[in-house]
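Asks: Have a look at the structure that comes next, please.
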Amino acid sequence: MHIFKDTHYNFLRWRWHALVVSWVIILAGIVTIATKGIPKGVEFAGGTVVITEFDRPVSVEQVRTALDASGSFAGGGQNVVVQSYGDPALRQMLIRVPTSGAESGQALSKTKDTVIAALQKSNVGFKGVAGTEIVGPTVGAELTSKGLWATGLSLIAILGYLAFRFQFSFGVGAVVATVHDLLVTLAFLAFFRYDMSLNVIAAILTMTGFSTNDTIVIFDRIRENLRSMRRDSMFDVINASVNQTLGRTVISSGTALLTSLALFFFGGEVLHGFAFTMVVGIITGTYSSVFIAAAIVSFWRGTAPTRAAAHAPAGLDVPKQAPAPQQPTRKNKAQRKARAS
Amino acid sequence: MQNIRWKMITIVAVLVVFAGVGVYPIFAARYHWPSPGWLQEKQLKLGLDLKGGVNLEMRVETDDALKLETDQESERLREELTKKGVMFTNVTTPSVTQFRIEGVPLQQEAAFREAANEVQDFDRTPGASGTYTFTMKPNIANTRRDEAVTQARETIERRINELGVTEPSIALQGTDQLLVQLPGVTDVDKAKSIMGSPGLLELKIVEQGPYSTKEQLIPGGQVPSGMEVVPGSSGSPGDTGNTSYYLVRKVAAVTGRDLRNARPSLDENNQPAVSFTLNNEGGRKFGQVTGDNIGKRLAIILDGRVQSAPNIEGRITTDGRITGSFTSEEVQNLSLILRSGALPAKLDYLSERTIGASLGADSIRSGVMASLVGLMLIVVFMLVYYKFSGINAVAALVLNLIILLGLMAYVGAVMTLPGIAGFVLTMGIGVDSNVLIFERIKEELEAGRGTRASLNAGFSRVFWTLVDTHISALISAAFLFNFGTGPIRGFAVTLALGLASNLFTAIFVSKTLFELELAGRGQGAQLSI
């Protein structure tokens with residue numbers, strides 16, 4: 001089977017449109033984050049999460065009423081989140097309170113004890129605690145800065161590696177594309193109100209790796225074609241390279257997407273944010289490899305003949321090319337020759 | 001042909017070894033198949049988030065250790081000055097690393113210096129009107145802090161081991177934080193109280209008391225020098241409600257450091273108590289102090305509170321008993337705490353995570369489900385898209401996963417829930433290498449080259465691309481490992497090992513399988529791709 005056989009789409013023609021689309025999404029994301037904020041998971045924000053089990057079916061409202069009735073929560077329990085958790089058959093509820101006890105001695109779990117006491121007192125069939133997560137402010141603050149550092153440093157390291165393996169403009173293209181993916185993913189996380197958790201950060205870092213992968217494959221092909229397509233402009237070389245790797249790009253992203261979707265639908269409650277981030281990251285990562293990374297190299301290097309052409313041996317006729325007309329047949333021949341060598 | 005045979009033998013050997021280490025024990029444990037002990041020990045370990053347990057982050061209040069050092073040093077100097085007859089008006093401790101001697105008369109300066117020169121860990125700065133400030137040297141302070149953390153860690157380790165937790169882990173985080181993981185523990189409050197209890201036992205001679213108020217004890221409100229007031233129970237059996245106050249000597253006759261053993265026992269009224277035995281050195285000191293103070297009371301002070309204050313009826317050397325109103329469980333815990341020694345500093349809990357066994361089991365179930373669905377989707381896709389060559393990719397993928405499990409078991413990596421996600425992603429991203437190679441082979445075939453030539457070109461041209469993609473992914477995984485704790489580290493490790501084994505399966509295994517397919521067929525052999 002062959003989906004993309006010898007295609008000649010002019011991808012770079014759409015680079016300006018792509019730029020607009022990307023900016024619209026990113027700006028919308030920034031506006032959402034600025035107005036509503038990024039919801040932070042308990043690891044980052046600090047607070048108390050108690051996953052409780054009940055011995056009979058119970059509704060969110062019942063649990064909420066039970067907590068409100070105790071009167072032990074600031075603001076009448078408005079800031080307390082109650083939601084059902086996991087498989088409904090297990091009758092579990094997740095209760096999240098934005099506060100924890102003080103970080104002094106053993107006081108940290110005080111809020112948890114308050115929640116449990118409130119449920120025990122009420123008549124909702126409280127059975128026990130399946131799990132808890134209590135994070136004081138210190139850990140949350142440390143984690144936030146560590147997460148930012150890890151993401152930033154990993155981007156710098158990738159830029160360094162790509163600059164070493166490719167030309168500098170390629171490294172910049174790849175990193176800008178990755179930053180783009182990061183922003184788009186954050187925007188979608190903000191749109192869909194997913195909590196920023198450790199798992200989501202892990203997914204974001206993985207996604208940056210995946211997105212660079214995709215970019216590298218295209219860049220590798222550009223590098224290869226630069227040797228054989230000396231007469232063509234960077235614009236054409238890039239278009240040809242994207243077309244040649246199109247089948248691989250779509251299939252690889254497809255399989256990665258399939259597994260991420262499997263995680264999203266079957267991986268359980270804890271991995272939901274992770275899987276969502278991966279799904280968004282894979283889609284935007286694939287898109288950005290073509291429309292951002294390659295486009296940046298084309299903006300950078302313009303429509304002038306490629307460097308290989310500029311450095312071509314004397315005697316070879318190297319005309320200053322206007323934007324090259326699409327002549328796929330000729331190009332293909334040149335490539336074939338190159339490969340045969 | 002010879003070449004292919006050796007390659008196949010290599011692949012089968014790798015398959016057998018990794019399947020044996022990584023996969024067999026999982027099934028053996030589940031279906032009770034026989035497996036040797038060394039293999040079981042190497043079994044893939046589950047993280048806390050899958051197995052259930054308690055995960056605690058705590059900070060060691062190293063200031064406490066410095067304060068203790070400063071207090072002791074100032075006390076020592078005070079005694080020395082008193083002995084030498086040097087006058088002073090006051091001794092204060094303005095911060096945990098500083099103490100100040102005030103009002104030393106000018107004419108006694110030489111004598112003061114002589115005594116103060118003994119204080120070597122502190123820098124001395126003279127101030128106005130005979131005031132001297134002693135500040136702990138920064139390197140000493142740092143050493144003390146490190147020592148406190150190390151000692152706290154060792155103490156906690158002993159306490160956990162006494163609790164009988166299997167495979168606990170204690171790790172240092174940053175400079176003064178500890179991460180403690182207790183698999184299988186569900187009673188977090190008990191674990192916390194046992195780990196965080198200071199466990200400081202002091203035996204001190206009572207000079208005055210007990211009285212029910214402080215005012216009765218020290219009428220002028222001025223505590224005599226070398227003494228201190230300690231609250232506690234009245235000491236009479238059955239009276240637990242009222243707090244009494246004791247005036248005791250500041251310097252302890254014996255502390256918990258001199259203990260050899262502590263164990264639960266019963267007192268003369270058949271109430272739970274803790275019996276302790278002192279070591280030789282402690283016994284000698286204790287014998288001397290009790291011998292000198294017959295008729296007085298001995299305060300048994302635990303964590304700054306008098307538990308009981310029996311009369312000293314004779315010289316006691318090595319054995320003693322702590323009585324009070326204890327339950328038998330409290331007595332068990334207390335003996336454990338005393339045996340493991342005192343914490344050098346207070347512990348503050350910063351985060352606390354508990355995962356019940358059922359929650360962990362749910363996670364395993366959904367993780368396995370997602371893995372199976374993911375695997376199935378990819379197998380179907382590859383077979384449909386690449387036809388016969390799809391089998392090649394699927395074989396490489398399955399081998400990749402087996403090697404990954406085996407490697408994880410071998411290096412002792414821990415499988416966590418995000419690790420399962422990494423496992424699933426390894427499938428999705430791992431076939432990318434195959435796709436890259438196959439697409440290239442197709443291109444070469446379309447360019448009109450022969451089957452074998454296309455095959456070789458496909459693999460050799462894609463090789464460096466694969467190296468680049470794998471290295472950049474490894475860079476992300478490395479930062480992820482560095483950033484994360486517990487579950488996230490499990491994810492980073494899974495991802496990194498998956499990438500490494502993927503290079504082997506996608507290039508070596510896949511190519512060998514193609515060679516095997518073409519072996520013994522003529523030049524015109526076609527590939528189904």
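Letters A, B, ... go to the chains of the structure tokens in the order shown; residues in each chain start at 1; ligands are counted from 1 in the same order.
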To test your reading of the structure, identify every residue in region 20-124 of chain A that backbone DSSP assigns to strand (DSSP E or B), and report it as a list in words.

Replies: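 Those in region 20-124 of chain A that DSSP calls strand (DSSP E or B) are Lys40, Gly47, Thr48, Val49, Val50, Ile51, Thr52, Glu53, Phe54, Val81, Val82, Gln83, Ser84, Tyr85, Gln92, Met93, Leu94, Ile95, Arg96 and Val97 of chain A.
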
Asks: Which of region 48-229 of chain A end up as helix (DSSP H, G or I) when DSSP is run on this backbone - answer as a PDB file with C-alpha atoms, in the first residue's frame?

Replies:
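Result file is result-v9.pdb:
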ATOM      1  CA  VAL A  60     -21.096  14.576  43.963  1.00  0.00           C
ATOM      2  CA  GLU A  61     -23.781  16.785  45.533  1.00  0.00           C
ATOM      3  CA  GLN A  62     -24.188  14.458  48.509  1.00  0.00           C
ATOM      4  CA  VAL A  63     -20.474  14.491  49.222  1.00  0.00           C
ATOM      5  CA  ARG A  64     -20.359  18.242  48.802  1.00  0.00           C
ATOM      6  CA  THR A  65     -23.268  18.734  51.173  1.00  0.00           C
ATOM      7  CA  ALA A  66     -21.584  16.496  53.712  1.00  0.00           C
ATOM      8  CA  LEU A  67     -18.413  18.563  53.506  1.00  0.00           C
ATOM      9  CA  ASP A  68     -20.287  21.880  53.620  1.00  0.00           C
ATOM     10  CA  ALA A  69     -22.291  20.744  56.622  1.00  0.00           C
ATOM     11  CA  SER A  70     -19.148  20.308  58.649  1.00  0.00           C
ATOM     12  CA  ALA A  74     -12.929  28.297  54.429  1.00  0.00           C
ATOM     13  CA  GLY A  75     -15.401  30.131  52.205  1.00  0.00           C
ATOM     14  CA  GLY A  76     -18.156  27.604  52.865  1.00  0.00           C
ATOM     15  CA  GLY A  77     -16.358  24.926  50.863  1.00  0.00           C
ATOM     16  CA  PRO A  88     -18.090   4.200  38.591  1.00  0.00           C
ATOM     17  CA  ALA A  89     -18.504   0.649  39.874  1.00  0.00           C
ATOM     18  CA  LEU A  90     -15.826   1.334  42.471  1.00  0.00           C
ATOM     19  CA  ALA A 107       0.710  18.915  60.851  1.00  0.00           C
ATOM     20  CA  LEU A 108       0.661  18.564  57.057  1.00  0.00           C
ATOM     21  CA  SER A 109      -2.186  16.065  56.975  1.00  0.00           C
ATOM     22  CA  LYS A 110      -4.564  18.197  59.048  1.00  0.00           C
ATOM     23  CA  THR A 111      -6.818  19.110  56.115  1.00  0.00           C
ATOM     24  CA  LYS A 112      -7.069  15.448  55.160  1.00  0.00           C
ATOM     25  CA  ASP A 113      -8.173  14.602  58.687  1.00  0.00           C
ATOM     26  CA  THR A 114     -10.799  17.351  58.490  1.00  0.00           C
ATOM     27  CA  VAL A 115     -12.191  15.927  55.248  1.00  0.00           C
ATOM     28  CA  ILE A 116     -12.333  12.417  56.639  1.00  0.00           C
ATOM     29  CA  ALA A 117     -13.932  13.586  59.875  1.00  0.00           C
ATOM     30  CA  ALA A 118     -16.600  15.492  57.941  1.00  0.00           C
ATOM     31  CA  LEU A 119     -17.442  12.444  55.824  1.00  0.00           C
ATOM     32  CA  GLN A 120     -17.474  10.112  58.799  1.00  0.00           C
ATOM     33  CA  LYS A 121     -19.889  12.374  60.640  1.00  0.00           C
ATOM     34  CA  PRO A 137       3.851  24.972  49.429  1.00  0.00           C
ATOM     35  CA  THR A 138       7.618  24.289  49.475  1.00  0.00           C
ATOM     36  CA  VAL A 139       7.486  21.228  47.253  1.00  0.00           C
ATOM     37  CA  GLY A 140       5.088  22.878  44.810  1.00  0.00           C
ATOM     38  CA  ALA A 141       7.279  25.950  44.373  1.00  0.00           C
ATOM     39  CA  GLU A 142      10.429  23.854  43.958  1.00  0.00           C
ATOM     40  CA  LEU A 143       8.728  21.640  41.418  1.00  0.00           C
ATOM     41  CA  THR A 144       7.527  24.560  39.324  1.00  0.00           C
ATOM     42  CA  SER A 145      10.999  26.005  38.999  1.00  0.00           C
ATOM     43  CA  LYS A 146      12.501  22.571  38.379  1.00  0.00           C
ATOM     44  CA  GLY A 147       9.942  21.884  35.652  1.00  0.00           C
ATOM     45  CA  LEU A 148      10.680  25.174  33.904  1.00  0.00           C
ATOM     46  CA  TRP A 149      14.407  24.551  34.127  1.00  0.00           C
ATOM     47  CA  ALA A 150      14.110  21.020  32.793  1.00  0.00           C
ATOM     48  CA  THR A 151      12.055  22.164  29.795  1.00  0.00           C
ATOM     49  CA  GLY A 152      14.311  25.152  29.077  1.00  0.00           C
ATOM     50  CA  LEU A 153      17.581  23.253  29.422  1.00  0.00           C
ATOM     51  CA  SER A 154      16.332  20.357  27.345  1.00  0.00           C
ATOM     52  CA  LEU A 155      15.448  22.782  24.521  1.00  0.00           C
ATOM     53  CA  ILE A 156      18.889  24.399  24.726  1.00  0.00           C
ATOM     54  CA  ALA A 157      20.592  20.990  24.663  1.00  0.00           C
ATOM     55  CA  ILE A 158      18.594  19.960  21.600  1.00  0.00           C
ATOM     56  CA  LEU A 159      19.455  23.253  19.874  1.00  0.00           C
ATOM     57  CA  GLY A 160      23.106  22.605  20.661  1.00  0.00           C
ATOM     58  CA  TYR A 161      22.988  19.098  19.259  1.00  0.00           C
ATOM     59  CA  LEU A 162      21.185  20.152  16.097  1.00  0.00           C
ATOM     60  CA  ALA A 163      23.530  23.098  15.553  1.00  0.00           C
ATOM     61  CA  PHE A 164      26.376  20.605  15.833  1.00  0.00           C
ATOM     62  CA  ARG A 165      24.822  18.102  13.451  1.00  0.00           C
ATOM     63  CA  PHE A 168      22.658  26.750  12.725  1.00  0.00           C
ATOM     64  CA  SER A 169      19.530  27.879  10.881  1.00  0.00           C
ATOM     65  CA  PHE A 170      18.228  24.303  11.100  1.00  0.00           C
ATOM     66  CA  GLY A 171      18.809  24.219  14.834  1.00  0.00           C
ATOM     67  CA  VAL A 172      16.903  27.458  15.236  1.00  0.00           C
ATOM     68  CA  GLY A 173      14.084  26.167  13.039  1.00  0.00           C
ATOM     69  CA  ALA A 174      13.787  22.985  15.079  1.00  0.00           C
ATOM     70  CA  VAL A 175      13.810  24.780  18.409  1.00  0.00           C
ATOM     71  CA  VAL A 176      11.338  27.452  17.314  1.00  0.00           C
ATOM     72  CA  ALA A 177       9.070  24.650  16.099  1.00  0.00           C
ATOM     73  CA  THR A 178       9.414  22.912  19.457  1.00  0.00           C
ATOM     74  CA  VAL A 179       8.667  26.112  21.357  1.00  0.00           C
ATOM     75  CA  HIS A 180       5.663  26.539  19.085  1.00  0.00           C
ATOM     76  CA  ASP A 181       4.468  23.037  19.970  1.00  0.00           C
ATOM     77  CA  LEU A 182       4.961  23.810  23.615  1.00  0.00           C
ATOM     78  CA  LEU A 183       2.838  26.958  23.395  1.00  0.00           C
ATOM     79  CA  VAL A 184       0.119  25.296  21.325  1.00  0.00           C
ATOM     80  CA  THR A 185      -0.022  22.373  23.754  1.00  0.00           C
ATOM     81  CA  LEU A 186      -0.225  24.739  26.713  1.00  0.00           C
ATOM     82  CA  ALA A 187      -3.000  26.601  24.890  1.00  0.00           C
ATOM     83  CA  PHE A 188      -4.983  23.396  24.432  1.00  0.00           C
ATOM     84  CA  LEU A 189      -4.374  22.375  28.031  1.00  0.00           C
ATOM     85  CA  ALA A 190      -5.762  25.767  29.018  1.00  0.00           C
ATOM     86  CA  PHE A 191      -8.758  25.494  26.646  1.00  0.00           C
ATOM     87  CA  LEU A 198       3.900  16.020  36.903  1.00  0.00           C
ATOM     88  CA  ASN A 199       2.581  13.602  34.321  1.00  0.00           C
ATOM     89  CA  VAL A 200       1.612  16.445  32.010  1.00  0.00           C
ATOM     90  CA  ILE A 201       5.097  17.929  32.312  1.00  0.00           C
ATOM     91  CA  ALA A 202       6.514  14.508  31.472  1.00  0.00           C
ATOM     92  CA  ALA A 203       4.268  14.352  28.424  1.00  0.00           C
ATOM     93  CA  ILE A 204       5.329  17.849  27.371  1.00  0.00           C
ATOM     94  CA  LEU A 205       9.004  16.915  27.556  1.00  0.00           C
ATOM     95  CA  THR A 206       8.347  13.685  25.655  1.00  0.00           C
ATOM     96  CA  MET A 207       6.387  15.585  23.075  1.00  0.00           C
ATOM     97  CA  THR A 208       9.288  17.993  22.546  1.00  0.00           C
ATOM     98  CA  GLY A 209      11.458  14.957  21.841  1.00  0.00           C
ATOM     99  CA  PHE A 210       8.891  13.610  19.395  1.00  0.00           C
ATOM    100  CA  SER A 211       8.454  16.934  17.659  1.00  0.00           C
ATOM    101  CA  THR A 212      12.204  17.313  17.144  1.00  0.00           C
ATOM    102  CA  ASN A 213      12.306  13.745  15.803  1.00  0.00           C
ATOM    103  CA  ASP A 214       9.905  14.673  13.098  1.00  0.00           C
ATOM    104  CA  THR A 215      11.807  17.814  12.284  1.00  0.00           C
ATOM    105  CA  ILE A 216      15.108  15.944  12.145  1.00  0.00           C
ATOM    106  CA  VAL A 217      13.777  13.470   9.602  1.00  0.00           C
ATOM    107  CA  ILE A 218      12.762  16.295   7.289  1.00  0.00           C
ATOM    108  CA  PHE A 219      15.995  18.206   7.884  1.00  0.00           C
ATOM    109  CA  ASP A 220      18.042  15.112   7.195  1.00  0.00           C
ATOM    110  CA  ARG A 221      16.337  14.817   3.849  1.00  0.00           C
ATOM    111  CA  ILE A 222      16.876  18.511   3.139  1.00  0.00           C
ATOM    112  CA  ARG A 223      20.560  18.086   3.894  1.00  0.00           C
ATOM    113  CA  GLU A 224      20.746  15.118   1.576  1.00  0.00           C
ATOM    114  CA  ASN A 225      18.899  16.930  -1.204  1.00  0.00           C
ATOM    115  CA  LEU A 226      21.082  20.000  -0.840  1.00  0.00           C
ATOM    116  CA  ARG A 227      23.899  17.907  -2.271  1.00  0.00           C
ATOM    117  CA  SER A 228      21.923  16.802  -5.305  1.00  0.00           C
TER     118      SER A 228
END

Asks: Under the rule of at most 7 Å, produce a per-residue listing of chain B near chain A: chain, number, name, the closest pair of atoms, and the distance in Å, as a Markdown table, using only C-alpha atoms.

Replies:
| residue | atom | partner | partner_atom | distance |
| --- | --- | --- | --- | --- |
| B:Leu347 | CA | A:Gly105 | CA | 5.7 |
| B:Asp348 | CA | A:Gly105 | CA | 4.3 |
| B:Tyr349 | CA | A:Glu103 | CA | 5.9 |
| B:Leu350 | CA | A:Gly136 | CA | 5.1 |
| B:Ser351 | CA | A:Val135 | CA | 4.2 |
| B:Glu352 | CA | A:Ile134 | CA | 4.9 |
| B:Arg353 | CA | A:Glu133 | CA | 4.3 |
| B:Thr354 | CA | A:Thr132 | CA | 4.9 |
| B:Ile355 | CA | A:Gly131 | CA | 4.4 |
| B:Gly356 | CA | A:Ala130 | CA | 4.8 |
| B:Leu359 | CA | A:Ala130 | CA | 6.2 |
| B:Ser363 | CA | A:Gly268 | CA | 6.6 |
| B:Ser366 | CA | A:Gly267 | CA | 4.9 |
| B:Gly367 | CA | A:Gly267 | CA | 5.1 |
| B:Met369 | CA | A:Phe266 | CA | 6.2 |
| B:Ala370 | CA | A:Phe266 | CA | 4.8 |
| B:Val373 | CA | A:Ala262 | CA | 6.0 |
| B:Gly374 | CA | A:Thr259 | CA | 4.6 |
| B:Leu377 | CA | A:Leu258 | CA | 6.8 |
| B:Ile378 | CA | A:Thr255 | CA | 6.3 |
| B:Tyr385 | CA | A:Met1 | CA | 5.4 |
| B:Tyr386 | CA | A:Met1 | CA | 6.5 |
| B:Pro418 | CA | A:Asn199 | CA | 6.9 |
| B:Val424 | CA | A:Thr259 | CA | 6.3 |
| B:Leu425 | CA | A:Thr259 | CA | 6.2 |
| B:Gly428 | CA | A:Ala256 | CA | 4.1 |
| B:Ile429 | CA | A:Ala256 | CA | 5.4 |
| B:Asp432 | CA | A:Ser252 | CA | 5.0 |
| B:Val435 | CA | A:Arg248 | CA | 6.0 |
| B:Leu436 | CA | A:Arg248 | CA | 5.7 |
| B:Glu439 | CA | A:Arg248 | CA | 6.2 |
| B:Ala447 | CA | A:Arg336 | CA | 6.5 |
| B:Thr465 | CA | A:Val217 | CA | 6.2 |
| B:Thr469 | CA | A:Asn213 | CA | 4.7 |
| B:Ser472 | CA | A:Ile158 | CA | 6.0 |
| B:Ala473 | CA | A:Gly209 | CA | 4.6 |
| B:Ile475 | CA | A:Ser154 | CA | 6.6 |
| B:Ser476 | CA | A:Ser154 | CA | 5.6 |
| B:Phe479 | CA | A:Ala150 | CA | 5.6 |
| B:Leu480 | CA | A:Ala202 | CA | 6.7 |
| B:Phe483 | CA | A:Ala150 | CA | 6.0 |
| B:Ile488 | CA | A:Ala202 | CA | 6.7 |

Asks: May I ask for the distance between CA of Ala29 (chain B) and CA of Gly53 (chain B), given in Å to one decimal place?

Replies: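 Separating CA of Ala29 (chain B) from CA of Gly53 (chain B) is a distance of 20.2 Å.
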
Asks: Fewer than 4 positions away in the same chain doesn't count, so skip those; otherwise give me all residues within 7 Å of region 202-208 of chain B, counting only C-alpha atoms, as JSON, numbers by chain.

Replies: {"B": [217, 246, 247, 248, 249, 252, 253, 254, 255, 256, 296, 297, 298, 299, 300, 301, 302]}

Asks: Give the answer as one residue: which of B:Pro487, B:Gly390, B:Gly220, B:Gly232 has the shortest atom-to-atom distance to Asp303 (chain B), using only C-alpha atoms?

Replies: B:Gly232

Asks: Calculate how many Å separate CA of Gln181 (chain B) from CA of Asn55 (chain B), rounding to one decimal.

Replies: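 Here the two named atoms are 4.6 Å from each other.
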
Asks: Using Å and a single decimal, report how far CA of Ala421 (chain B) sits from CA of Ser289 (chain A).

Replies: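 It comes out at 24.0 Å.
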